[in-house]
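Participant: What follows is work.cif, made up of mmCIF, C-alpha atoms:
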data_structure
loop_
_atom_site.label_atom_id
_atom_site.label_comp_id
_atom_site.auth_asym_id
_atom_site.auth_seq_id
_atom_site.Cartn_x
_atom_site.Cartn_y
_atom_site.Cartn_z
CA MET A 1 12.46 -28.61 -10.87
CA LYS A 2 12.59 -25.50 -8.76
CA LYS A 3 11.73 -25.49 -5.10
CA THR A 4 8.10 -24.50 -4.47
CA ILE A 5 6.43 -22.97 -1.45
CA PRO A 6 2.85 -24.02 -0.67
CA THR A 7 0.81 -20.85 -0.16
CA SER A 8 -2.84 -20.09 0.29
CA ILE A 9 -4.27 -17.10 -1.60
CA ALA A 10 -7.96 -16.42 -0.99
CA ASN A 11 -8.34 -19.92 0.51
CA THR A 12 -6.89 -21.59 -2.58
CA LEU A 13 -3.72 -23.59 -2.37
CA PHE A 14 -0.89 -22.83 -4.79
CA TYR A 15 2.63 -24.16 -5.08
CA ILE A 16 4.68 -21.08 -5.85
CA GLU A 17 8.26 -21.30 -7.06
CA GLU A 18 10.77 -19.48 -4.84
CA ASP A 19 11.53 -16.48 -7.06
CA ALA A 20 7.88 -16.08 -7.99
CA TYR A 21 7.01 -16.24 -4.29
CA ALA A 22 9.19 -13.25 -3.42
CA LYS A 23 7.70 -11.26 -6.25
CA ILE A 24 4.05 -12.01 -5.59
CA GLY A 25 4.56 -11.44 -1.86
CA ALA A 26 6.03 -8.02 -2.56
CA TYR A 27 3.24 -7.26 -5.01
CA LEU A 28 0.44 -8.15 -2.60
CA ASP A 29 2.24 -6.22 0.15
CA SER A 30 2.40 -3.11 -2.01
CA ILE A 31 -1.30 -3.41 -2.80
CA LYS A 32 -2.11 -3.77 0.87
CA ALA A 33 -0.04 -0.73 1.71
CA TYR A 34 -1.76 1.28 -1.02
CA PHE A 35 -5.34 0.48 0.00
CA LYS A 36 -4.71 0.36 3.74
CA SER A 37 -5.71 3.99 4.26
CA ASN A 38 -8.90 3.55 2.23
CA GLU A 39 -11.90 3.22 4.56
CA ASP A 40 -13.00 0.13 2.68
CA GLY A 41 -9.46 -1.11 2.18
CA ASP A 42 -9.82 -4.58 3.72
CA GLU A 43 -12.67 -5.44 1.41
CA ILE A 44 -10.85 -4.13 -1.67
CA ILE A 45 -7.77 -6.14 -0.72
CA ARG A 46 -9.89 -9.28 -0.30
CA ASP A 47 -11.53 -8.70 -3.68
CA ILE A 48 -8.17 -8.28 -5.35
CA GLU A 49 -6.76 -11.39 -3.66
CA GLY A 50 -9.78 -13.34 -4.86
CA ARG A 51 -9.19 -12.15 -8.39
CA VAL A 52 -5.47 -12.95 -8.11
CA ALA A 53 -6.32 -16.51 -7.08
CA GLU A 54 -8.78 -16.81 -9.95
CA GLN A 55 -6.25 -15.59 -12.51
CA LEU A 56 -3.57 -17.93 -11.21
CA ILE A 57 -5.94 -20.89 -11.44
CA GLU A 58 -6.62 -19.93 -15.03
CA TYR A 59 -2.93 -19.51 -15.93
CA THR A 60 -1.74 -22.69 -14.27
CA ALA A 61 -4.54 -24.77 -15.79
CA LYS A 62 -3.56 -23.61 -19.29
CA SER A 63 0.17 -24.13 -18.95
CA GLY A 64 -0.39 -27.58 -17.44
CA GLY A 65 -1.37 -28.74 -20.91
CA ASP A 66 -3.53 -31.41 -19.31
CA ALA A 67 -6.88 -29.69 -19.51
CA ALA A 68 -8.64 -33.02 -19.85
CA SER A 69 -8.14 -33.82 -16.17
CA PRO A 70 -9.16 -30.87 -14.03
CA ALA A 71 -8.58 -32.94 -10.91
CA ALA A 72 -4.87 -33.14 -11.66
CA ALA A 73 -4.76 -29.41 -12.33
CA SER A 74 -6.28 -28.55 -8.98
CA ARG A 75 -3.86 -30.82 -7.15
CA GLU A 76 -0.76 -29.28 -8.64
CA ARG A 77 -1.15 -25.56 -9.20
CA ILE A 78 2.46 -24.62 -9.75
CA VAL A 79 2.97 -20.91 -10.16
CA ASN A 80 6.15 -19.70 -11.83
CA ILE A 81 7.59 -16.26 -12.33
CA GLU A 82 6.02 -15.85 -15.79
CA HIS A 83 2.57 -16.38 -14.30
CA VAL A 84 3.29 -13.71 -11.70
CA ASP A 85 4.57 -11.25 -14.30
CA ARG A 86 1.49 -11.81 -16.40
CA LEU A 87 -0.71 -11.39 -13.36
CA ILE A 88 0.91 -8.11 -12.32
CA LYS A 89 0.62 -6.81 -15.86
CA ALA A 90 -3.10 -7.56 -15.96
CA MET A 91 -3.91 -6.34 -12.46
CA GLY A 92 -1.63 -3.30 -12.47
CA THR A 93 0.64 -1.96 -9.73
CA PRO A 94 -0.21 0.74 -7.18
CA GLU A 95 1.61 3.22 -9.42
CA ASP A 96 -0.88 2.40 -12.20
CA PHE A 97 -3.82 2.90 -9.84
CA ALA A 98 -2.45 6.23 -8.70
CA SER A 99 -2.07 7.56 -12.23
CA SER A 100 -5.40 6.30 -13.51
CA ASP A 101 -7.33 7.12 -10.38
CA GLY A 102 -5.81 10.41 -9.28
CA SER A 103 -8.86 11.74 -7.51
CA SER A 104 -9.42 8.86 -5.17
CA ARG A 105 -5.76 8.73 -4.24
CA ALA A 106 -6.00 12.26 -2.90
CA ASN A 107 -9.04 11.20 -0.91
CA ASN A 108 -7.16 8.27 0.54
CA ALA A 109 -4.44 10.54 1.77
CA THR A 110 -6.88 12.76 3.64
CA ASN A 111 -8.79 9.77 4.97
CA ALA A 112 -5.59 8.50 6.49
CA HIS A 113 -5.75 11.33 9.02
CA SER A 114 -9.04 10.29 10.51
CA ALA A 115 -9.11 6.59 9.71
CA ASP A 116 -6.03 5.31 11.48
CA GLY A 117 -6.13 7.35 14.63
CA GLN A 118 -3.55 5.30 16.43
CA ASN A 119 -0.95 5.76 13.76
CA SER A 120 -1.71 9.45 13.31
CA SER A 121 0.18 10.13 16.53
CA THR A 122 3.25 9.12 14.65
CA HIS A 123 2.83 11.11 11.46
CA ALA A 124 5.96 13.11 11.01
CA ASN A 125 4.86 15.91 8.71
CA SER A 126 1.15 15.50 8.24
CA ASP A 127 0.79 18.87 6.52
CA SER A 128 2.82 18.08 3.45
CA HIS A 129 1.50 14.60 2.81
CA ASN A 130 -1.84 15.75 1.45
CA ALA A 131 -0.13 16.48 -1.80
CA SER A 132 0.71 12.88 -2.49
CA SER A 133 2.41 13.21 -5.82
CA THR A 134 4.37 10.17 -6.86
CA GLY A 135 7.79 11.76 -6.66
CA GLU A 136 7.44 13.03 -3.11
CA LYS A 137 8.82 11.07 -0.18
CA PRO A 138 6.02 9.99 2.12
CA HIS A 139 5.94 10.82 5.82
CA ARG A 140 7.71 8.49 8.19
CA LYS A 141 5.89 6.50 10.78
CA LEU A 142 7.16 5.57 14.18
CA TYR A 143 7.67 1.84 14.64
CA ARG A 144 9.96 -0.28 16.75
CA ASP A 145 12.84 -1.48 14.60
CA THR A 146 13.25 -5.01 15.91
CA GLU A 147 15.75 -5.89 13.21
CA HIS A 148 18.30 -3.54 14.76
CA GLU A 149 17.21 -4.02 18.35
CA ILE A 150 19.35 -4.43 21.43
CA ILE A 151 16.44 -4.54 23.85
CA GLY A 152 13.14 -3.80 22.13
CA GLY A 153 14.05 -1.77 19.07
CA VAL A 154 12.72 1.50 20.54
CA CYS A 155 15.96 3.44 20.05
CA ALA A 156 16.46 2.13 16.52
CA GLY A 157 12.87 3.03 15.67
CA LEU A 158 13.25 6.55 17.08
CA ALA A 159 16.51 6.94 15.17
CA ALA A 160 14.84 5.94 11.90
CA PHE A 161 11.94 8.28 12.64
CA PHE A 162 14.12 11.32 13.31
CA GLY A 163 16.76 10.33 10.79
CA ILE A 164 19.67 10.46 13.25
CA GLU A 165 22.32 8.02 14.38
CA VAL A 166 20.90 5.32 16.66
CA ASN A 167 23.78 5.51 19.13
CA ILE A 168 22.94 9.13 19.98
CA ILE A 169 19.49 8.06 21.13
CA ARG A 170 20.94 5.09 22.99
CA ALA A 171 23.37 7.45 24.73
CA ILE A 172 20.51 9.73 25.76
CA PHE A 173 18.66 6.78 27.28
CA LEU A 174 21.80 5.53 29.05
CA ILE A 175 22.50 8.98 30.50
CA SER A 176 18.90 9.31 31.61
CA LEU A 177 19.29 6.04 33.53
CA LEU A 178 21.65 7.90 35.87
CA PHE A 179 18.77 10.02 37.08
CA GLY A 180 16.94 7.50 39.22
CA GLY A 181 16.39 5.15 36.29
CA SER A 182 13.75 7.38 34.73
CA GLY A 183 14.94 6.50 31.24
CA GLY A 184 14.15 2.87 31.87
CA ILE A 185 10.53 3.69 32.63
CA VAL A 186 10.24 5.93 29.57
CA TYR A 187 11.79 3.17 27.49
CA PHE A 188 9.36 0.61 28.82
CA ILE A 189 6.37 2.88 28.15
CA LEU A 190 7.54 3.51 24.59
CA TRP A 191 8.09 -0.22 24.15
CA CYS A 192 4.46 -0.85 25.06
CA ILE A 193 3.04 1.96 22.96
CA ILE A 194 4.99 1.88 19.72
CA PRO A 195 3.97 -0.92 17.36
CA GLU A 196 6.63 -3.20 15.93
CA ALA A 197 7.45 -2.84 12.23
CA LYS A 198 6.41 -6.31 11.07
CA THR A 199 5.49 -6.26 7.41
CA ALA A 200 7.77 -5.13 4.63
CA SER A 201 5.66 -2.06 3.96
CA GLN A 202 5.76 -1.01 7.62
CA LYS A 203 9.52 -1.27 7.58
CA LEU A 204 9.64 0.97 4.54
CA GLU A 205 7.26 3.47 6.13
CA MET A 206 9.52 3.52 9.16
CA GLN A 207 12.37 4.72 6.98
CA GLY A 208 10.17 7.04 4.97
CA ASP A 209 10.66 5.10 1.73
CA THR A 210 7.96 4.96 -0.88
CA VAL A 211 6.12 1.67 -0.83
CA THR A 212 6.36 0.14 -4.29
CA VAL A 213 6.86 -3.33 -5.65
CA GLU A 214 10.49 -2.50 -6.39
CA SER A 215 11.30 -1.11 -2.96
CA ILE A 216 9.76 -4.08 -1.19
CA SER A 217 11.50 -6.72 -3.25
CA GLU A 218 14.73 -4.77 -2.78
CA MET A 219 14.23 -4.97 0.96
CA ILE A 220 13.41 -8.67 0.97
CA LYS A 221 16.66 -9.33 -0.89
CA LYS A 222 18.57 -7.25 1.65
CA LYS A 223 16.99 -9.15 4.51
CA PHE A 224 18.12 -12.50 3.12
CA LYS A 225 21.69 -11.21 3.18
CA GLU A 226 21.45 -9.80 6.70
CA ALA A 227 19.97 -13.01 8.06
CA ASN A 228 23.39 -14.68 7.93
CA VAL A 229 25.02 -12.12 10.20
CA ASN A 230 25.53 -13.43 13.74
CA LYS A 231 24.23 -11.58 16.73
CA GLY A 232 26.90 -10.45 19.17
CA THR A 233 27.67 -12.29 22.40
CA PHE A 234 26.43 -9.29 24.41
CA ARG A 235 22.99 -9.84 22.98
CA LYS A 236 23.17 -13.58 23.56
CA ILE A 237 23.76 -12.99 27.28
CA LEU A 238 20.93 -10.49 27.40
CA ALA A 239 18.58 -12.81 25.53
CA VAL A 240 16.98 -14.68 28.46
CA PRO A 241 15.90 -11.77 30.70
CA LEU A 242 15.00 -9.73 27.64
CA ASN A 243 12.61 -12.38 26.36
CA ILE A 244 10.66 -12.15 29.61
CA ILE A 245 10.40 -8.35 29.43
CA ARG A 246 9.56 -8.64 25.77
CA ARG A 247 6.60 -10.89 26.53
CA VAL A 248 5.33 -8.49 29.19
CA ALA A 249 5.62 -5.52 26.84
CA SER A 250 3.86 -7.26 23.97
CA ALA A 251 1.14 -8.52 26.33
CA ILE A 252 0.51 -4.95 27.48
CA ASN A 253 0.56 -3.80 23.88
CA ARG A 254 -1.97 -6.42 22.84
CA HIS A 255 -4.33 -6.90 25.78
CA ILE A 256 -4.30 -3.77 27.90
CA LEU A 257 -3.82 -0.94 25.42
CA PRO A 258 -6.96 -1.65 23.35
CA PHE A 259 -9.03 -0.64 26.40
CA PHE A 260 -7.60 2.85 26.38
CA GLY A 261 -8.94 5.26 23.83
CA GLU A 262 -6.82 6.06 20.83
CA VAL A 263 -6.79 9.66 21.99
CA LEU A 264 -5.06 8.69 25.20
CA ILE A 265 -2.44 6.72 23.30
CA PHE A 266 -1.89 9.67 21.05
CA ALA A 267 -1.49 12.04 24.00
CA VAL A 268 0.80 9.79 26.02
CA GLY A 269 2.87 8.91 22.99
CA THR A 270 3.35 12.51 21.98
CA ILE A 271 4.13 13.75 25.49
CA VAL A 272 6.58 10.97 26.20
CA THR A 273 8.33 11.38 22.87
CA ILE A 274 8.64 15.15 23.26
CA ALA A 275 9.75 14.77 26.87
CA VAL A 276 12.48 12.35 25.92
CA ILE A 277 13.79 14.57 23.17
CA ILE A 278 13.68 17.74 25.26
CA ALA A 279 15.34 15.97 28.17
CA GLY A 280 18.03 14.64 25.87
CA VAL A 281 18.75 17.99 24.29
CA ALA A 282 18.70 19.74 27.69
CA LEU A 283 21.15 17.22 29.09
CA MET A 284 23.48 17.56 26.15
CA VAL A 285 23.44 21.35 26.44
CA HIS A 286 23.99 21.06 30.18
CA PHE A 287 27.01 18.80 29.85
CA LEU A 288 28.52 20.74 26.97
CA ARG A 289 28.43 23.96 28.98
CA GLY A 290 29.98 22.13 31.92
CA MET B 1 15.27 20.80 -31.55
CA ILE B 2 16.01 24.45 -31.91
CA TYR B 3 14.82 25.19 -28.39
CA SER B 4 17.30 22.84 -26.81
CA HIS B 5 20.17 25.01 -28.07
CA TYR B 6 18.55 28.31 -27.34
CA PRO B 7 19.04 28.55 -23.56
CA GLN B 8 22.64 27.42 -23.87
CA TYR B 9 23.39 30.30 -26.26
CA LEU B 10 21.95 32.84 -23.86
CA ALA B 11 23.87 31.37 -20.97
CA LEU B 12 27.12 31.93 -22.81
CA GLN B 13 26.38 35.64 -22.74
CA GLY B 14 26.02 35.46 -18.99
CA THR B 15 22.27 35.58 -18.96
CA VAL B 16 20.59 33.23 -16.56
CA VAL B 17 17.67 31.60 -18.27
CA TYR B 18 14.89 29.93 -16.38
CA TYR B 19 12.57 28.01 -18.59
CA THR B 20 9.76 25.74 -17.67
CA ASN B 21 9.10 22.65 -19.67
CA MET B 22 5.91 23.10 -21.61
CA PRO B 23 3.92 19.89 -21.82
CA GLU B 24 3.95 18.55 -25.31
CA PRO B 25 0.56 18.72 -27.02
CA LYS B 26 0.43 14.95 -27.45
CA VAL B 27 0.72 14.33 -23.70
CA ASN B 28 -2.05 16.84 -23.13
CA ILE B 29 -4.42 15.01 -25.43
CA GLU B 30 -3.67 11.77 -23.66
CA SER B 31 -4.47 13.20 -20.28
CA GLN B 32 -7.64 14.81 -21.65
CA SER B 33 -8.81 11.48 -23.00
CA SER B 34 -7.97 9.63 -19.82
CA GLN B 35 -9.84 12.22 -17.78
CA MET B 36 -12.88 11.79 -19.99
CA ARG B 37 -12.71 8.03 -19.61
CA ARG B 38 -12.27 8.32 -15.87
CA GLY B 39 -15.30 10.60 -15.67
CA ILE B 40 -17.65 8.10 -17.28
CA LEU B 41 -16.14 4.93 -15.80
CA GLU B 42 -18.56 4.65 -12.90
CA PHE B 43 -21.45 5.22 -15.30
CA CYS B 44 -20.11 2.43 -17.50
CA ILE B 45 -19.80 0.04 -14.56
CA LEU B 46 -23.43 0.70 -13.66
CA LEU B 47 -24.38 0.11 -17.30
CA THR B 48 -22.65 -3.29 -17.48
CA ILE B 49 -24.36 -4.43 -14.29
CA SER B 50 -27.78 -3.08 -15.28
CA LYS B 51 -28.37 -5.79 -17.88
CA GLU B 52 -27.79 -8.68 -15.52
CA ARG B 53 -26.00 -9.30 -12.27
CA LYS B 54 -22.30 -9.75 -12.80
CA TYR B 55 -19.16 -10.61 -10.99
CA ALA B 56 -15.96 -8.59 -11.17
CA SER B 57 -14.34 -10.68 -13.87
CA ASP B 58 -17.33 -10.20 -16.25
CA ILE B 59 -17.27 -6.45 -15.66
CA ILE B 60 -13.55 -6.36 -16.32
CA LYS B 61 -13.95 -8.27 -19.59
CA GLU B 62 -16.61 -5.87 -20.86
CA LEU B 63 -14.73 -2.74 -19.85
CA LYS B 64 -11.53 -4.08 -21.36
CA SER B 65 -13.15 -4.93 -24.66
CA ALA B 66 -14.55 -1.39 -24.73
CA ASP B 67 -11.05 0.00 -24.01
CA LEU B 68 -12.29 1.69 -20.88
CA ILE B 69 -9.83 0.30 -18.34
CA VAL B 70 -6.21 -0.72 -18.70
CA VAL B 71 -5.40 -2.52 -15.45
CA GLU B 72 -7.90 -4.56 -13.50
CA GLY B 73 -6.89 -3.26 -10.11
CA THR B 74 -8.53 0.10 -10.77
CA LEU B 75 -11.97 -1.51 -10.83
CA TYR B 76 -12.08 -2.66 -7.21
CA PRO B 77 -11.87 0.74 -5.50
CA LEU B 78 -14.59 1.98 -7.86
CA LEU B 79 -16.87 -0.96 -7.03
CA SER B 80 -16.28 -0.26 -3.36
CA ARG B 81 -17.14 3.41 -3.78
CA LEU B 82 -20.35 2.60 -5.69
CA ARG B 83 -21.32 0.12 -3.01
CA GLN B 84 -20.70 2.64 -0.27
CA SER B 85 -22.89 5.22 -1.94
CA GLY B 86 -25.64 2.60 -2.01
CA LEU B 87 -25.86 2.12 -5.77
CA LEU B 88 -24.63 -1.48 -5.75
CA GLY B 89 -25.21 -4.56 -3.68
CA TYR B 90 -23.68 -8.01 -3.96
CA ALA B 91 -24.31 -11.64 -3.09
CA TRP B 92 -21.78 -14.43 -2.68
CA GLU B 93 -22.00 -17.42 -4.93
CA GLU B 94 -19.97 -20.60 -5.17
CA SER B 95 -17.73 -20.91 -8.20
CA PRO B 96 -17.08 -24.20 -10.04
CA SER B 97 -13.34 -23.54 -9.74
CA GLY B 98 -11.60 -21.38 -7.19
CA PRO B 99 -12.86 -19.04 -4.50
CA PRO B 100 -16.52 -17.98 -4.21
CA ARG B 101 -17.54 -15.02 -6.33
CA LYS B 102 -19.24 -11.76 -5.50
CA TYR B 103 -22.12 -11.11 -7.85
CA TYR B 104 -22.94 -7.41 -8.10
CA GLU B 105 -26.41 -6.06 -8.67
CA LEU B 106 -27.96 -2.60 -8.90
CA THR B 107 -29.99 -1.36 -5.96
CA ASP B 108 -33.17 0.70 -6.46
CA SER B 109 -31.27 3.92 -5.97
CA GLY B 110 -28.65 2.55 -8.38
CA ARG B 111 -31.30 2.11 -11.05
CA THR B 112 -32.63 5.68 -10.57
CA THR B 113 -29.12 7.08 -10.68
CA LEU B 114 -28.39 5.14 -13.84
CA LYS B 115 -31.53 6.56 -15.51
CA GLN B 116 -30.44 10.09 -14.65
CA LEU B 117 -26.93 9.41 -15.89
CA GLU B 118 -28.26 7.96 -19.14
CA ALA B 119 -30.27 11.13 -19.70
CA THR B 120 -27.20 13.24 -18.99
CA TRP B 121 -25.16 11.18 -21.40
CA LYS B 122 -27.72 11.51 -24.18
CA ASN B 123 -27.82 15.27 -23.76
CA LEU B 124 -24.04 15.45 -23.72
CA SER B 125 -23.65 13.26 -26.76
CA ASP B 126 -26.26 15.34 -28.66
CA SER B 127 -24.43 18.54 -27.78
CA ILE B 128 -21.07 17.16 -28.88
CA ASN B 129 -22.53 15.82 -32.14
CA ARG B 130 -24.03 19.20 -32.87
CA LEU B 131 -20.62 20.83 -32.38
CA MET B 132 -18.69 18.31 -34.43
#
Transcribe the structure of this file into structure tokens.

Facilitator:
Amino acid sequence: MKKTIPTSIANTLFYIEEDAYAKIGAYLDSIKAYFKSNEDGDEIIRDIEGRVAEQLIEYTAKSGGDAASPAAASRERIVNIEHVDRLIKAMGTPEDFASSDGSSRANNATNAHSADGQNSSTHANSDSHNASSTGEKPHRKLYRDTEHEIIGGVCAGLAAFFGIEVNIIRAIFLISLLFGGSGGIVYFILWCIIPEAKTASQKLEMQGDTVTVESISEMIKKKFKEANVNKGTFRKILAVPLNIIRRVASAINRHILPFFGEVLIFAVGTIVTIAVIIAGVALMVHFLRG
Amino acid sequence: MIYSHYPQYLALQGTVVYYTNMPEPKVNIESQSSQMRRGILEFCILLTISKERKYASDIIKELKSADLIVVEGTLYPLLSRLRQSGLLGYAWEESPSGPPRKYYELTDSGRTTLKQLEATWKNLSDSINRLM
């Protein structure tokens, strides 16, 4: 028997086999990402999760072959990959929704501007993303890339956002430290402001990849491989003081920032980001000219 | 078939040929039909609920048997849109197995809208029948 992972979907307990778990997780993630910008997205996602649970109950009860004892069926709802495939086929993927519901998809894209004000500060090219055809690459969003972090993942996140080598940004911050430590303050502010890329779809948005079932499961596979790589000794030494700063930054992010208006966050975020980039470019030009 | 060789022949003479792919007629019909279906889908949802209050799975079954939707996921954003425009309301109810269900029901303005839509549909269907 395969290893199963107990999981709750819409308050119903399922035992999902490992491979099926990765697939259904990616599927639900892609649905969440698709409806997130809809103003009623949370409700739609809950409805869909409820239906997913219902379907899985139905499938697992049938394949159990022991319909006479419903009590046994409810105790052991084992979901395998065939159930998940059948489920996805019946429910449809975000690509299916986009093609069969073209009009509302366009609305979602425009809603995204007004609905998630905090994130709109980080839209890279908000002009072109109205035309959300399926082939086009979506805009990138600014997140902290904690998978490739040395301190808080700010540099790695900025690098992903601007599509440049992370070490260039790190160098800019290091150089800026020479000027009275101003870079440290900027770094700390950015650390507090920029949200961490937590879910699979956020990580894809950070890199400007299209969020689909395929891309998310691809990424989950990649993550399993990377998990075995050891962190360097440099980072081990840094770990203790960094954890303290990390807690402070996340506390500010969680408890203090909500009191500021989203407008203020937008303004500060934009100004700081622009300032850092201009300062970096100016410094590089300065040093290159001698 | 013949068209796939045609641009190549011109190119051999040094002529640069730009040609745009014309959509095949078959694809066009498909998109026409799917647009028609999409246009009346909300009307159909209201119709299924008008007889008695229903929960999503009932609506899906009816629409599927009438070949009106292909994947179930498309229904939920539509239900949400109808609810937001005040045509639908819902109540939670316990289910014998699994999570509680949302039973949908027409509001007063939903019923008036449905009457208007029914009239529109009858007119439209008469016009089409006259043309056919």

Participant: Find the distance between CA of Leu88 in chain B and CA of Thr107 in chain B and write it in Å to one decimal.

Facilitator: 5.4 Å

Participant: Of the candidates B:Ser65, B:Asn28, B:Ser50, B:Ser95, which one gets nearest to chain A if we count all atoms listed in the file?

Facilitator: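 Going through B:Ser65, B:Asn28, B:Ser50, B:Ser95 one by one, the smallest distance to chain A is for B:Ser95.
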
Participant: What are the residues of chain A lining chain B at 8 Å or less? Count only C-alpha atoms, and put the answer as a PyMOL selection string.

Facilitator: chain A and resi 10-12+40+43-44+47-48+50-51+53-54+57+89-93+96-97+100-101

Participant: Can you tell me which residues surround Ser250 in chain A at a distance of at most 10 Å, considering only C-alpha atoms, apart from same-chain residues fewer than 2 positions away, and format the answer as a list in words?

Facilitator: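 Near neighbours after the sequence-gap exclusion: Trp191, Cys192, Ile193, Pro195, Glu196, Ile245, Arg246, Arg247, Val248, Ile252, Asn253, Arg254, His255 and Ile256 of chain A.
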
Participant: Could you tell me how far CA of Ile29 in chain B lies from CA of Asp67 in chain B, in Å and to one decimal?

Facilitator: 16.5 Å

Participant: Measuring atom to atom with only C-alpha atoms, identify which of B:Ala91, B:Arg83, B:Gln32, B:Ala66 is nearest to Cys44 in chain B.

Facilitator: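 Result for the nearest residue to Cys44 in chain B: B:Ala66.
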
Participant: So the first atom is CA of Glu205 in chain A and the second is CA of Arg170 in chain A; what is the distance between them in Å, to one decimal place?

Facilitator: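 Interatomic distance here is 21.8 Å.
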
Participant: Counting all atoms listed in the file, which of A:Ile151, A:Gly180, A:Leu264, A:Glu58 gets nearest to Pro241 in chain A?

Facilitator: A:Ile151

Participant: Which is closer to Lys198 in chain A than all the others in A:Asp29, A:Glu95, A:Asp85, A:Glu76, using all atoms listed in the file?

Facilitator: A:Asp29

Participant: Counting only C-alpha atoms, which residue out of B:Leu87, B:Leu63, B:Leu106, B:Leu68 sits closest to Lys51 in chain B?

Facilitator: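 Under the stated criterion, the closest residue is B:Leu106.
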
Participant: Given the file above and the PyMOL selection byres ((chain B and resi 43) around 10), which residues are selected, and can you give them as a list in words?

Facilitator: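 Going through the file, the PyMOL selection byres ((chain B and resi 43) around 10) ends up selecting Arg38, Gly39, Ile40, Leu41, Glu42, Cys44, Ile45, Leu46, Leu47, Thr48, Thr113, Leu114, Leu117, Glu118 and Trp121 of chain B.
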